[in-house]
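Raw upload03.txt, compact mmCIF, C-alpha atoms and all ligand atoms:
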# COMPACT_ATOMS: atom_id res chain seq x y z
CA MET A 8 0.00 0.00 0.00
CA HIS A 9 2.96 2.34 -0.34
CA ASP A 10 2.97 3.07 -4.04
CA HIS A 11 -0.48 4.51 -4.62
CA ASP A 12 0.44 5.70 -8.08
CA ASN A 13 -0.06 2.30 -9.65
CA LEU A 14 -3.31 1.31 -7.98
CA GLY A 15 -6.63 1.17 -9.82
CA PHE A 16 -9.79 3.02 -8.79
CA ASP A 17 -11.37 0.00 -7.10
CA THR A 18 -8.31 -0.70 -4.95
CA LEU A 19 -8.07 2.98 -4.00
CA ILE A 20 -11.73 3.08 -2.99
CA ALA A 21 -11.22 -0.01 -0.82
CA HIS A 22 -8.01 1.06 0.92
CA PHE A 23 -6.75 4.58 0.23
CA GLY A 24 -6.48 6.68 3.39
CA GLU A 25 -7.21 3.69 5.64
CA GLU A 26 -3.68 2.42 6.31
CA GLU A 27 -3.94 3.22 10.00
CA LYS A 28 -6.41 0.80 11.61
CA ILE A 29 -7.77 2.28 14.84
CA HIS A 30 -7.92 -0.61 17.37
CA GLY A 31 -7.59 -2.85 14.33
CA ALA A 32 -11.10 -1.92 13.22
CA VAL A 33 -11.52 -2.81 9.53
CA VAL A 34 -14.04 0.01 9.13
CA PRO A 35 -12.90 3.46 10.28
CA PRO A 36 -14.96 4.72 13.23
CA ILE A 37 -17.20 7.79 13.05
CA PHE A 38 -15.68 10.79 14.81
CA GLN A 39 -19.04 12.11 15.92
CA ASN A 40 -17.67 15.06 17.90
CA SER A 41 -17.83 18.78 17.39
CA LEU A 42 -14.53 19.70 19.10
CA PHE A 43 -11.08 18.34 19.90
CA LEU A 44 -9.17 18.83 23.17
CA PHE A 45 -5.56 19.93 23.64
CA ASP A 46 -3.31 19.10 26.63
CA GLN A 47 -1.84 22.58 26.70
CA VAL A 48 -3.73 25.75 26.02
CA GLU A 49 -0.72 27.11 24.09
CA ASP A 50 -1.19 24.31 21.54
CA LEU A 51 -4.89 25.13 21.23
CA LEU A 52 -4.15 28.81 20.57
CA ASP A 53 -1.46 27.87 18.04
CA ALA A 54 -3.89 25.61 16.21
CA LEU A 55 -6.50 28.36 16.09
CA THR A 56 -4.22 31.11 14.86
CA LYS A 57 -1.30 29.52 13.01
CA ASN A 58 -2.76 26.34 11.59
CA PRO A 59 -6.55 26.60 11.43
CA LEU A 60 -6.94 23.74 8.94
CA GLY A 61 -4.82 21.34 11.01
CA PRO A 62 -3.70 18.80 11.76
CA PRO A 63 -4.36 18.79 14.65
CA HIS A 64 -8.11 19.11 14.30
CA HIS A 65 -9.80 21.59 16.63
CA TYR A 66 -13.40 22.03 15.49
CA SER A 67 -15.60 20.00 13.11
CA ARG A 68 -16.94 23.07 11.32
CA LEU A 69 -13.53 23.17 9.60
CA THR A 70 -12.07 19.65 9.67
CA ASN A 71 -12.97 16.25 11.14
CA PRO A 72 -11.23 12.86 10.67
CA SER A 73 -14.33 11.11 9.27
CA VAL A 74 -14.89 13.93 6.81
CA ASP A 75 -11.15 14.02 5.98
CA LEU A 76 -11.13 10.36 4.97
CA ALA A 77 -13.95 10.79 2.46
CA GLU A 78 -12.29 13.99 1.18
CA GLN A 79 -8.93 12.24 0.69
CA LYS A 80 -10.51 9.37 -1.21
CA ILE A 81 -12.49 11.63 -3.55
CA ALA A 82 -9.50 13.91 -4.20
CA ARG A 83 -7.32 10.88 -5.00
CA LEU A 84 -9.93 9.51 -7.42
CA GLU A 85 -10.42 12.94 -9.08
CA GLY A 86 -6.66 13.45 -9.37
CA THR A 87 -6.78 16.73 -7.43
CA GLN A 88 -4.61 17.77 -4.48
CA ALA A 89 -7.59 18.37 -2.23
CA CYS A 90 -11.35 18.08 -1.76
CA LYS A 91 -13.82 19.71 0.61
CA LEU A 92 -17.11 18.06 1.51
CA ILE A 93 -20.23 20.19 1.87
CA GLY A 94 -23.73 19.34 3.14
CA SER A 95 -25.23 18.95 -0.37
CA GLY A 96 -24.25 18.99 -4.02
CA MET A 97 -25.92 22.36 -4.42
CA GLY A 98 -23.88 23.58 -1.44
CA ALA A 99 -20.70 22.43 -3.22
CA LEU A 100 -21.66 24.18 -6.46
CA SER A 101 -22.67 27.44 -4.79
CA THR A 102 -19.49 27.34 -2.67
CA ALA A 103 -17.34 26.85 -5.79
CA ILE A 104 -19.10 29.65 -7.68
CA MET A 105 -19.18 32.09 -4.76
CA SER A 106 -15.49 31.53 -4.07
CA SER A 107 -14.75 32.72 -7.62
CA VAL A 108 -16.96 35.80 -8.10
CA GLU A 109 -17.14 39.30 -6.63
CA ALA A 110 -19.46 42.26 -7.20
CA GLY A 111 -19.39 43.11 -10.89
CA SER A 112 -18.23 39.65 -12.01
CA HIS A 113 -19.67 38.02 -15.10
CA VAL A 114 -20.35 34.29 -15.47
CA VAL A 115 -20.74 32.25 -18.66
CA ALA A 116 -22.97 29.26 -17.95
CA LEU A 117 -24.86 26.51 -19.77
CA ASP A 118 -28.52 27.07 -20.54
CA THR A 119 -29.18 23.42 -19.66
CA ALA A 120 -27.14 23.30 -16.43
CA TYR A 121 -28.75 21.95 -13.26
CA GLN A 122 -31.72 24.29 -12.70
CA PRO A 123 -30.94 25.46 -9.12
CA VAL A 124 -27.50 26.61 -10.32
CA ARG A 125 -29.18 28.78 -12.94
CA THR A 126 -31.51 30.12 -10.25
CA LEU A 127 -28.49 30.91 -8.05
CA LEU A 128 -26.83 32.81 -10.88
CA THR A 129 -29.90 34.59 -12.21
CA ASN A 130 -31.97 35.30 -9.09
CA TYR A 131 -29.54 35.27 -6.18
CA LEU A 132 -26.05 36.35 -7.21
CA SER A 133 -27.69 39.06 -9.32
CA HIS A 134 -28.43 40.83 -5.99
CA LEU A 135 -24.67 40.97 -5.40
CA GLY A 136 -24.02 42.49 -8.83
CA VAL A 137 -23.03 39.29 -10.66
CA THR A 138 -24.26 39.00 -14.26
CA VAL A 139 -24.59 35.85 -16.38
CA THR A 140 -24.70 34.91 -20.06
CA TYR A 141 -26.21 31.53 -20.97
CA VAL A 142 -24.88 29.50 -23.89
CA GLY A 143 -25.74 26.11 -25.38
CA GLY A 144 -22.21 24.82 -24.82
CA GLU A 145 -21.99 22.56 -27.88
CA ASP A 146 -20.52 25.37 -30.00
CA THR A 147 -17.14 26.17 -28.42
CA ASP A 148 -16.68 29.41 -30.38
CA GLU A 149 -20.06 30.70 -29.22
CA LEU A 150 -19.14 29.88 -25.63
CA LEU A 151 -15.74 31.60 -25.85
CA ASP A 152 -17.27 34.61 -27.62
CA ALA A 153 -19.54 35.13 -24.59
CA ILE A 154 -16.47 35.80 -22.40
CA ARG A 155 -16.03 39.46 -21.41
CA PRO A 156 -13.19 41.30 -19.68
CA GLU A 157 -15.09 40.99 -16.37
CA THR A 158 -15.84 37.24 -16.77
CA SER A 159 -14.50 35.38 -13.75
CA VAL A 160 -16.24 31.99 -14.05
CA VAL A 161 -17.12 29.62 -16.89
CA TYR A 162 -19.61 27.09 -15.55
CA LEU A 163 -19.80 23.69 -17.29
CA GLU A 164 -21.73 20.45 -16.80
CA ALA A 165 -21.22 17.51 -19.14
CA PRO A 166 -23.50 15.82 -19.82
CA SER A 167 -25.88 18.60 -18.82
CA SER A 168 -28.96 17.83 -16.75
CA LEU A 169 -31.99 16.54 -18.71
CA MET A 170 -30.62 17.32 -22.20
CA PHE A 171 -27.29 15.48 -21.88
CA ARG A 172 -25.21 17.89 -23.94
CA LEU A 173 -21.40 17.91 -23.88
CA GLN A 174 -18.80 20.66 -24.08
CA ASP A 175 -15.29 20.42 -25.51
CA VAL A 176 -13.70 20.82 -22.09
CA PRO A 177 -9.95 20.80 -23.00
CA THR A 178 -10.41 23.41 -25.74
CA ILE A 179 -12.47 25.66 -23.46
CA THR A 180 -10.04 25.43 -20.53
CA ARG A 181 -7.05 26.29 -22.74
CA GLU A 182 -8.72 29.67 -23.23
CA THR A 183 -10.03 30.17 -19.69
CA ARG A 184 -6.65 29.26 -18.14
CA ALA A 185 -4.87 31.70 -20.45
CA ARG A 186 -7.29 34.46 -19.40
CA GLY A 187 -7.21 33.70 -15.66
CA ILE A 188 -10.89 32.64 -15.60
CA THR A 189 -11.98 29.92 -13.15
CA THR A 190 -13.72 26.94 -14.73
CA VAL A 191 -16.25 25.17 -12.49
CA PHE A 192 -17.46 21.75 -13.63
CA ASP A 193 -20.34 19.64 -12.31
CA ASN A 194 -19.03 16.06 -12.62
CA THR A 195 -21.94 14.39 -10.81
CA TYR A 196 -23.10 12.32 -13.78
CA ASN A 197 -19.65 10.89 -14.53
CA THR A 198 -18.27 10.33 -11.05
CA PRO A 199 -14.45 10.33 -10.82
CA LEU A 200 -14.48 6.84 -12.33
CA HIS A 201 -15.69 7.98 -15.76
CA MET A 202 -14.20 11.46 -16.14
CA ASN A 203 -11.49 13.55 -14.45
CA PRO A 204 -12.02 17.16 -15.59
CA HIS A 205 -9.08 18.55 -13.56
CA ALA A 206 -6.66 16.72 -15.88
CA MET A 207 -8.44 18.55 -18.72
CA GLY A 208 -7.76 21.96 -17.20
CA VAL A 209 -10.83 22.46 -14.99
CA ASP A 210 -10.07 24.40 -11.77
CA LEU A 211 -12.94 23.31 -9.51
CA VAL A 212 -14.57 19.90 -10.02
CA CYS A 213 -17.84 19.45 -8.09
CA HIS A 214 -20.01 16.47 -7.24
CA SER A 215 -23.37 15.87 -5.73
CA CYS A 216 -22.45 12.87 -3.58
CA SER A 217 -26.18 12.42 -2.95
CA LYS A 218 -26.21 10.56 -6.29
CA TYR A 219 -23.82 7.76 -7.34
CA LEU A 220 -21.06 8.36 -4.77
CA GLY A 221 -23.39 7.91 -1.79
CA GLY A 222 -25.41 5.57 -3.95
CA HIS A 223 -28.16 4.53 -1.53
CA SER A 224 -30.54 7.51 -1.44
CA ASP A 225 -29.80 8.00 2.25
CA ILE A 226 -27.59 11.11 2.34
CA THR A 227 -27.22 14.53 0.78
CA ALA A 228 -23.60 15.58 0.33
CA GLY A 229 -21.43 17.55 -2.08
CA ALA A 230 -17.74 17.78 -2.96
CA VAL A 231 -15.50 20.54 -4.32
CA CYS A 232 -12.12 19.37 -5.66
CA GLY A 233 -9.13 21.42 -6.78
CA THR A 234 -5.62 22.49 -5.88
CA ARG A 235 -4.63 22.56 -2.20
CA GLU A 236 -4.40 26.34 -2.39
CA ARG A 237 -7.93 26.82 -3.75
CA ILE A 238 -9.53 24.27 -1.41
CA ASP A 239 -7.76 25.69 1.67
CA ARG A 240 -8.98 29.14 0.71
CA ILE A 241 -12.53 27.82 0.31
CA THR A 242 -12.31 26.08 3.71
CA LYS A 243 -11.13 29.25 5.45
CA ARG A 244 -13.70 31.46 3.78
CA GLU A 245 -16.89 29.85 2.46
CA VAL A 246 -16.87 26.69 4.62
CA ASN A 247 -15.85 28.44 7.84
CA LEU A 248 -17.98 31.56 7.34
CA LEU A 249 -21.07 30.10 5.70
CA GLY A 250 -20.89 26.96 7.87
CA ASN A 251 -21.81 24.36 5.28
CA ILE A 252 -19.40 21.45 5.95
CA LEU A 253 -20.67 17.87 5.70
CA HIS A 254 -21.37 16.16 9.04
CA PRO A 255 -19.23 13.19 10.20
CA PHE A 256 -21.95 10.55 10.04
CA GLN A 257 -22.89 11.60 6.50
CA ALA A 258 -19.20 11.37 5.52
CA TRP A 259 -19.01 7.89 7.03
CA LEU A 260 -22.09 6.79 5.05
CA LEU A 261 -20.52 8.31 1.95
CA VAL A 262 -17.36 6.17 2.33
CA ARG A 263 -19.54 3.13 2.94
CA GLY A 264 -21.54 3.85 -0.21
CA MET A 265 -18.46 4.48 -2.33
CA ARG A 266 -17.08 1.01 -1.65
CA THR A 267 -19.49 -0.45 -4.24
CA LEU A 268 -19.43 2.50 -6.67
CA SER A 269 -17.73 0.74 -9.54
CA LEU A 270 -19.94 -2.37 -9.35
CA ARG A 271 -23.08 -0.28 -9.17
CA LEU A 272 -22.09 1.99 -12.05
CA LYS A 273 -21.52 -0.97 -14.37
CA ARG A 274 -24.97 -2.32 -13.60
CA HIS A 275 -26.71 1.08 -14.00
CA GLU A 276 -24.90 1.58 -17.29
CA ALA A 277 -25.73 -1.84 -18.75
CA THR A 278 -29.43 -1.50 -17.93
CA ALA A 279 -29.71 2.07 -19.22
CA ASN A 280 -27.89 1.21 -22.45
CA ALA A 281 -30.28 -1.64 -23.14
CA LEU A 282 -33.38 0.38 -22.26
CA ALA A 283 -32.30 3.48 -24.23
CA ALA A 284 -31.47 1.44 -27.36
CA TRP A 285 -34.83 -0.31 -27.15
CA LEU A 286 -36.76 2.96 -26.61
CA GLU A 287 -35.02 4.57 -29.59
CA GLU A 288 -36.73 2.04 -31.89
CA ARG A 289 -40.23 2.70 -30.55
CA THR A 290 -42.66 4.74 -32.64
CA GLU A 291 -43.95 6.65 -29.58
CA ILE A 292 -40.51 8.24 -29.10
CA GLU A 293 -39.21 11.30 -30.94
CA ARG A 294 -35.67 11.28 -29.58
CA VAL A 295 -33.63 9.61 -26.84
CA HIS A 296 -30.94 11.69 -25.11
CA HIS A 297 -28.31 9.23 -23.93
CA ILE A 298 -24.58 9.81 -24.32
CA SER A 299 -23.60 6.21 -24.98
CA LEU A 300 -26.07 5.53 -27.82
CA PRO A 301 -24.30 5.11 -31.19
CA SER A 302 -26.71 7.78 -32.52
CA PHE A 303 -25.64 10.37 -29.89
CA PRO A 304 -24.76 13.51 -31.92
CA GLN A 305 -21.56 14.24 -29.96
CA ARG A 306 -20.28 10.67 -29.94
CA ASP A 307 -16.65 11.52 -30.71
CA LEU A 308 -16.58 14.04 -27.90
CA TYR A 309 -18.17 11.52 -25.53
CA GLN A 310 -15.46 9.01 -26.34
CA SER A 311 -12.68 11.54 -25.89
CA LEU A 312 -13.95 12.93 -22.55
CA MET A 313 -15.47 9.95 -20.77
CA ARG A 314 -14.72 6.33 -19.95
CA GLY A 315 -18.36 5.29 -19.68
CA SER A 316 -21.92 6.45 -19.10
CA GLY A 317 -24.46 5.55 -16.42
CA GLY A 318 -28.07 4.87 -15.56
CA LEU A 319 -29.53 8.29 -16.34
CA PHE A 320 -31.04 9.42 -19.66
CA SER A 321 -34.09 11.18 -21.04
CA PHE A 322 -36.41 10.99 -24.02
CA GLU A 323 -38.86 13.21 -25.84
CA PRO A 324 -42.19 11.53 -26.55
CA LYS A 325 -43.86 12.39 -29.86
CA VAL A 326 -47.08 13.33 -28.08
CA GLN A 327 -46.55 16.48 -26.05
CA ASP A 328 -49.89 16.37 -24.31
CA ASP A 329 -49.63 16.99 -20.51
CA ALA A 330 -52.21 14.33 -19.65
CA LYS A 331 -50.50 11.61 -21.71
CA VAL A 332 -47.06 12.41 -20.33
CA PHE A 333 -48.44 12.23 -16.79
CA ALA A 334 -50.33 9.02 -17.57
CA PHE A 335 -47.10 7.36 -18.75
CA CYS A 336 -45.26 8.37 -15.58
CA ASN A 337 -48.14 7.28 -13.35
CA ALA A 338 -48.45 3.89 -15.09
CA LEU A 339 -44.89 2.90 -14.17
CA LYS A 340 -44.76 0.50 -11.24
CA LEU A 341 -41.02 0.07 -10.63
CA PHE A 342 -39.86 3.60 -11.52
CA GLY A 343 -40.73 5.79 -8.56
CA ARG A 344 -41.95 9.30 -9.27
CA GLY A 345 -39.33 11.48 -7.66
CA ILE A 346 -36.39 13.77 -8.25
CA SER A 347 -32.76 12.90 -7.60
CA TRP A 348 -31.12 9.70 -8.92
CA GLY A 349 -27.99 7.61 -8.40
CA GLY A 350 -29.43 5.32 -5.71
CA PHE A 351 -30.50 1.68 -5.83
CA GLU A 352 -33.99 2.47 -7.08
CA SER A 353 -35.33 3.43 -10.51
CA LEU A 354 -36.95 6.85 -10.89
CA VAL A 355 -38.94 8.86 -13.42
CA VAL A 356 -39.48 12.61 -13.64
CA PRO A 357 -41.04 14.62 -16.49
CA GLN A 358 -39.95 18.19 -17.08
CA LYS A 359 -40.97 20.82 -19.59
CA VAL A 360 -37.78 22.35 -20.98
CA SER A 361 -37.04 25.24 -23.30
CA PRO A 362 -33.34 25.27 -24.21
CA LEU A 363 -32.05 28.15 -26.32
CA ASN A 364 -32.26 26.19 -29.58
CA TYR A 365 -35.85 24.94 -29.08
CA GLN A 366 -38.70 26.81 -30.80
CA GLU A 367 -41.14 26.00 -28.02
CA PRO A 368 -41.06 24.22 -24.63
CA ARG A 369 -41.05 20.41 -24.87
CA TRP A 370 -41.78 17.63 -22.41
CA ILE A 371 -38.74 15.55 -21.59
CA ILE A 372 -39.11 12.41 -19.53
CA ARG A 373 -36.04 11.49 -17.53
CA LEU A 374 -35.50 7.90 -16.45
CA PHE A 375 -33.00 6.65 -13.94
CA CYS A 376 -32.29 2.91 -14.14
CA GLY A 377 -31.61 1.56 -10.66
CA LEU A 378 -30.21 -1.79 -9.62
CA GLU A 379 -33.38 -3.83 -10.21
CA ASP A 380 -33.37 -6.60 -12.85
CA ALA A 381 -33.11 -5.04 -16.30
CA GLU A 382 -35.84 -7.31 -17.70
CA ASP A 383 -38.29 -6.13 -15.03
CA LEU A 384 -37.53 -2.46 -15.75
CA MET A 385 -37.95 -2.93 -19.50
CA ARG A 386 -41.27 -4.72 -19.02
CA ASP A 387 -42.41 -1.89 -16.74
CA VAL A 388 -41.63 0.77 -19.37
CA GLU A 389 -43.17 -1.33 -22.13
CA GLY A 390 -46.36 -1.67 -20.12
CA ALA A 391 -46.63 2.11 -19.61
CA LEU A 392 -45.73 3.12 -23.16
CA SER A 393 -49.26 2.74 -24.56
CA ALA A 394 -50.11 5.90 -22.57
CA LEU A 395 -47.98 7.82 -25.10
CA ASN A 396 -49.90 6.64 -28.18
CA SER A 397 -51.00 9.57 -30.33
C1 LIG A 401 -28.63 16.47 -7.79
C2 LIG A 401 -27.70 17.27 -8.57
C3 LIG A 401 -27.09 18.40 -8.00
C4 LIG A 401 -27.42 18.89 -6.61
O1 LIG A 401 -27.06 17.98 -5.62
P1 LIG A 401 -27.77 17.93 -4.18
O2 LIG A 401 -26.92 16.98 -3.43
O3 LIG A 401 -29.16 17.45 -4.42
O4 LIG A 401 -27.77 19.31 -3.65
C5 LIG A 401 -26.19 19.08 -8.78
N1 LIG A 401 -25.90 18.72 -10.03
C6 LIG A 401 -26.48 17.65 -10.61
C7 LIG A 401 -26.12 17.30 -12.00
C8 LIG A 401 -27.40 16.91 -9.90
O5 LIG A 401 -27.99 15.85 -10.48

Could you quickly redo this structure as structure tokens?
Amino acid sequence: MHDHDNLGFDTLIAHFGEEEKIHGAVVPPIFQNSLFLFDQVEDLLDALTKNPLGPPHHYSRLTNPSVDLAEQKIARLEGTQACKLIGSGMGALSTAIMSSVEAGSHVVALDTAYQPVRTLLTNYLSHLGVTVTYVGGEDTDELLDAIRPETSVVYLEAPSSLMFRLQDVPTITRETRARGITTVFDNTYNTPLHMNPHAMGVDLVCHSCSKYLGGHSDITAGAVCGTRERIDRITKREVNLLGNILHPFQAWLLVRGMRTLSLRLKRHEATANALAAWLEERTEIERVHHISLPSFPQRDLYQSLMRGSGGLFSFEPKVQDDAKVFAFCNALKLFGRGISWGGFESLVVPQKVSPLNYQEPRWIIRLFCGLEDAEDLMRDVEGALSALNS
């Protein structure tokens, strides 16, 4: 366990950061404590003033051993120097963005990025004088042309929520790096196993660990990954001052969930690939948005950016009637009607979207293929599909 450089993802998930066995315990304990004691008060004052991020730990609002372990593992998998865990994925994204803007800053963001991020940019940071330009993201020149002298963040998400669009990350970051602009990337869909955006020039790589990393629909958590310098700055400012660190028990559940990440991802991916390919042939369906279909319009980019896909995709039914879309969703027995995804269970959610290049809003139905038997999930969808007959 000394030469970590040559170990694969699965071995790292199993062992990295766990060399020291406390009382021989095979599973690291939960450090469910808010504060840490010092023998001498001089050492306490030193820790507070000279070395606030430790070690030694002094207060769990900043650092905690259970949180540290999950952070070390995720940073190692992402290929970044450091990671900070936050109480939710949205907390991680807002922390990353807020650490990189000031009054008067401009942000270039995707029009199909995760909706709450667009709300943060448009309706919340606008109060602090931050402006935003939305772009489709598929056309790199259009994205780079949206950059202004006051642009401080380019916000990317590939594949983007609901529409599954990709951006040419290495080409974009060559420009943003040269201009001193921070690139923030939502890597939730890919997990560190399928894409490592930092190696492609991204400054801050974020995850909602409520999805695949946690994997059991029992926690909300988020991660921000980047250089030691950036993450330490975020810990001293946003994490310390806004108070949004992940709690120790959640971090412990996160490590527990991650142990099966690679096995789960393979299963989600195989089921979704089969279901998406089958749906694509059905007459009720206008278009399937799934990055690993041979018909995916950005297939070359997919193959150059990512090592695999996952269980999440969407489709546009030909009928765009509210009642029929709802009837399809309600007829499903194994796909639960709910938001989120990445857990053991299959889910469905319809959403009316209006990306920049659409003439009018369209219903998109997003499916998440859980860990149930693929045959059962396909039969469930087949049984509900008659609701979408025109
Ligand atoms: C769920 C999700 C988030 C937000 O994560 P939470 O943990 O729910 O706050 C961000 N980005 C993407 C792509 C997501 O799917």

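The two atoms in question, atom CA of A:Phe16 and atom C4 of ligand LIG 401 (chain A), are spaced 23.8 Å apart.
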
What are the centre and the three edge lengths of an axis-aligned box that wraps all atoms of ligand LIG 401 (chain A) in the file, given that 8 Å is added to every side, written as AutoDock Vina command-line options and rounded to one decimal in Å?
--center_x -27.5 --center_y 17.6 --center_z -7.7 --size_x 19.3 --size_y 19.5 --size_z 24.6

Protein/DNA/RNA residues near (-15.9, 20.6, -22.8), cut 9 Å, only C-alpha atoms, as a PyMOL selection string: chain A and resi 144-145+147+163-165+173-180+204+207+308+312

Shell around stretch 337-347 of chain A at 8 Å using all atoms listed in the file, local window under 3 positions removed, as an MDAnalysis selection string: chainID A and resid 218 333:334 352:356 374:375 384 387:388 390:391 394

Each residue of stretch 241-267 of chain A with at least one atom at most 10 Å from stretch 223-230 of chain A should appear once, together with its nearest atom pair and the corresponding distance in Å (one decimal); atoms considered: all atoms listed in the file; ordering: chain, then increasing residue number; output as a tab-separated table.
residue	atom	partner	partner_atom	distance
A:Ile252	CA	A:Ala228	CA	9.1
A:Leu253	CA	A:Ala228	CA	6.5
A:His254	CA	A:Ala228	CA	9.0
A:Phe256	CA	A:Ile226	CA	9.6
A:Gln257	CA	A:Ile226	CA	6.3
A:Ala258	CA	A:Ala228	CA	8.0
A:Leu260	CA	A:Ile226	CA	7.5
A:Leu261	CA	A:Ile226	CA	7.6
A:Arg263	CA	A:His223	CA	9.8
A:Gly264	CA	A:His223	CA	6.8
A:Met265	CA	A:His223	CA	9.7

Residues up to 10 Å from ligand LIG 401 (chain A), counting all atoms listed in the file: could you list those as a PDB file with C-alpha atoms, in the coordinates of the input?
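As written to disk, pocket16.pdb reads:
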ATOM      1  CA  ILE A  93     -20.230  20.190   1.870  1.00  0.00           C
ATOM      2  CA  GLY A  94     -23.730  19.340   3.140  1.00  0.00           C
ATOM      3  CA  SER A  95     -25.230  18.950  -0.370  1.00  0.00           C
ATOM      4  CA  GLY A  96     -24.250  18.990  -4.020  1.00  0.00           C
ATOM      5  CA  MET A  97     -25.920  22.360  -4.420  1.00  0.00           C
ATOM      6  CA  GLY A  98     -23.880  23.580  -1.440  1.00  0.00           C
ATOM      7  CA  ALA A  99     -20.700  22.430  -3.220  1.00  0.00           C
ATOM      8  CA  LEU A 100     -21.660  24.180  -6.460  1.00  0.00           C
ATOM      9  CA  SER A 101     -22.670  27.440  -4.790  1.00  0.00           C
ATOM     10  CA  ALA A 120     -27.140  23.300 -16.430  1.00  0.00           C
ATOM     11  CA  TYR A 121     -28.750  21.950 -13.260  1.00  0.00           C
ATOM     12  CA  GLN A 122     -31.720  24.290 -12.700  1.00  0.00           C
ATOM     13  CA  PRO A 123     -30.940  25.460  -9.120  1.00  0.00           C
ATOM     14  CA  VAL A 124     -27.500  26.610 -10.320  1.00  0.00           C
ATOM     15  CA  GLU A 164     -21.730  20.450 -16.800  1.00  0.00           C
ATOM     16  CA  ALA A 165     -21.220  17.510 -19.140  1.00  0.00           C
ATOM     17  CA  PRO A 166     -23.500  15.820 -19.820  1.00  0.00           C
ATOM     18  CA  SER A 167     -25.880  18.600 -18.820  1.00  0.00           C
ATOM     19  CA  SER A 168     -28.960  17.830 -16.750  1.00  0.00           C
ATOM     20  CA  LEU A 169     -31.990  16.540 -18.710  1.00  0.00           C
ATOM     21  CA  PHE A 192     -17.460  21.750 -13.630  1.00  0.00           C
ATOM     22  CA  ASP A 193     -20.340  19.640 -12.310  1.00  0.00           C
ATOM     23  CA  ASN A 194     -19.030  16.060 -12.620  1.00  0.00           C
ATOM     24  CA  THR A 195     -21.940  14.390 -10.810  1.00  0.00           C
ATOM     25  CA  TYR A 196     -23.100  12.320 -13.780  1.00  0.00           C
ATOM     26  CA  ASN A 197     -19.650  10.890 -14.530  1.00  0.00           C
ATOM     27  CA  CYS A 213     -17.840  19.450  -8.090  1.00  0.00           C
ATOM     28  CA  HIS A 214     -20.010  16.470  -7.240  1.00  0.00           C
ATOM     29  CA  SER A 215     -23.370  15.870  -5.730  1.00  0.00           C
ATOM     30  CA  CYS A 216     -22.450  12.870  -3.580  1.00  0.00           C
ATOM     31  CA  SER A 217     -26.180  12.420  -2.950  1.00  0.00           C
ATOM     32  CA  LYS A 218     -26.210  10.560  -6.290  1.00  0.00           C
ATOM     33  CA  TYR A 219     -23.820   7.760  -7.340  1.00  0.00           C
ATOM     34  CA  GLY A 221     -23.390   7.910  -1.790  1.00  0.00           C
ATOM     35  CA  ILE A 226     -27.590  11.110   2.340  1.00  0.00           C
ATOM     36  CA  THR A 227     -27.220  14.530   0.780  1.00  0.00           C
ATOM     37  CA  ALA A 228     -23.600  15.580   0.330  1.00  0.00           C
ATOM     38  CA  GLY A 229     -21.430  17.550  -2.080  1.00  0.00           C
ATOM     39  CA  ALA A 230     -17.740  17.780  -2.960  1.00  0.00           C
ATOM     40  CA  LEU A 319     -29.530   8.290 -16.340  1.00  0.00           C
ATOM     41  CA  ILE A 346     -36.390  13.770  -8.250  1.00  0.00           C
ATOM     42  CA  SER A 347     -32.760  12.900  -7.600  1.00  0.00           C
ATOM     43  CA  TRP A 348     -31.120   9.700  -8.920  1.00  0.00           C
ATOM     44  CA  GLY A 349     -27.990   7.610  -8.400  1.00  0.00           C
TER      45      GLY A 349
END

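Atom pair atom CA of A:Leu363 / atom CA of A:Val142: separated by 7.7 Å.
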
Point (-43.8, 13.9, -28.1), cut-off 9 Å, counting all atoms listed in the file, residues as a PyMOL selection string: chain A and resi 291-294+322-328+332+369-371+395+397

Two-atom distance - atom CA of A:Arg181, atom CA of A:Gly208 (Å): 7.1 Å

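Among A:Gly377, A:Leu211, A:Thr189, A:Asp329, the residue with the shortest atom-to-atom distance to A:Pro357, counting all atoms listed in the file, is A:Asp329.
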
Counting all atoms listed in the file, the option among A:Pro362, A:Gly143, A:Pro255, A:Pro301 closest to A:Pro36: A:Pro255

Given all atoms listed in the file as the counted atoms, nearest of A:Glu157, A:Glu27, A:Glu382, A:Glu85 to A:Asn203: A:Glu85

Report as a PDB file with C-alpha atoms, keeping the file's coordinate frame all protein, DNA and RNA residues lying within 12 Å of A:Leu132, evaluated on all atoms listed in the file, omitting residues in the same chain fewer than 6 positions from it.
ATOM      1  CA  SER A 101     -22.670  27.440  -4.790  1.00  0.00           C
ATOM      2  CA  ILE A 104     -19.100  29.650  -7.680  1.00  0.00           C
ATOM      3  CA  MET A 105     -19.180  32.090  -4.760  1.00  0.00           C
ATOM      4  CA  SER A 107     -14.750  32.720  -7.620  1.00  0.00           C
ATOM      5  CA  VAL A 108     -16.960  35.800  -8.100  1.00  0.00           C
ATOM      6  CA  GLU A 109     -17.140  39.300  -6.630  1.00  0.00           C
ATOM      7  CA  ALA A 110     -19.460  42.260  -7.200  1.00  0.00           C
ATOM      8  CA  GLY A 111     -19.390  43.110 -10.890  1.00  0.00           C
ATOM      9  CA  SER A 112     -18.230  39.650 -12.010  1.00  0.00           C
ATOM     10  CA  HIS A 113     -19.670  38.020 -15.100  1.00  0.00           C
ATOM     11  CA  VAL A 114     -20.350  34.290 -15.470  1.00  0.00           C
ATOM     12  CA  VAL A 124     -27.500  26.610 -10.320  1.00  0.00           C
ATOM     13  CA  ARG A 125     -29.180  28.780 -12.940  1.00  0.00           C
ATOM     14  CA  THR A 126     -31.510  30.120 -10.250  1.00  0.00           C
ATOM     15  CA  THR A 138     -24.260  39.000 -14.260  1.00  0.00           C
ATOM     16  CA  VAL A 139     -24.590  35.850 -16.380  1.00  0.00           C
TER      17      VAL A 139
END
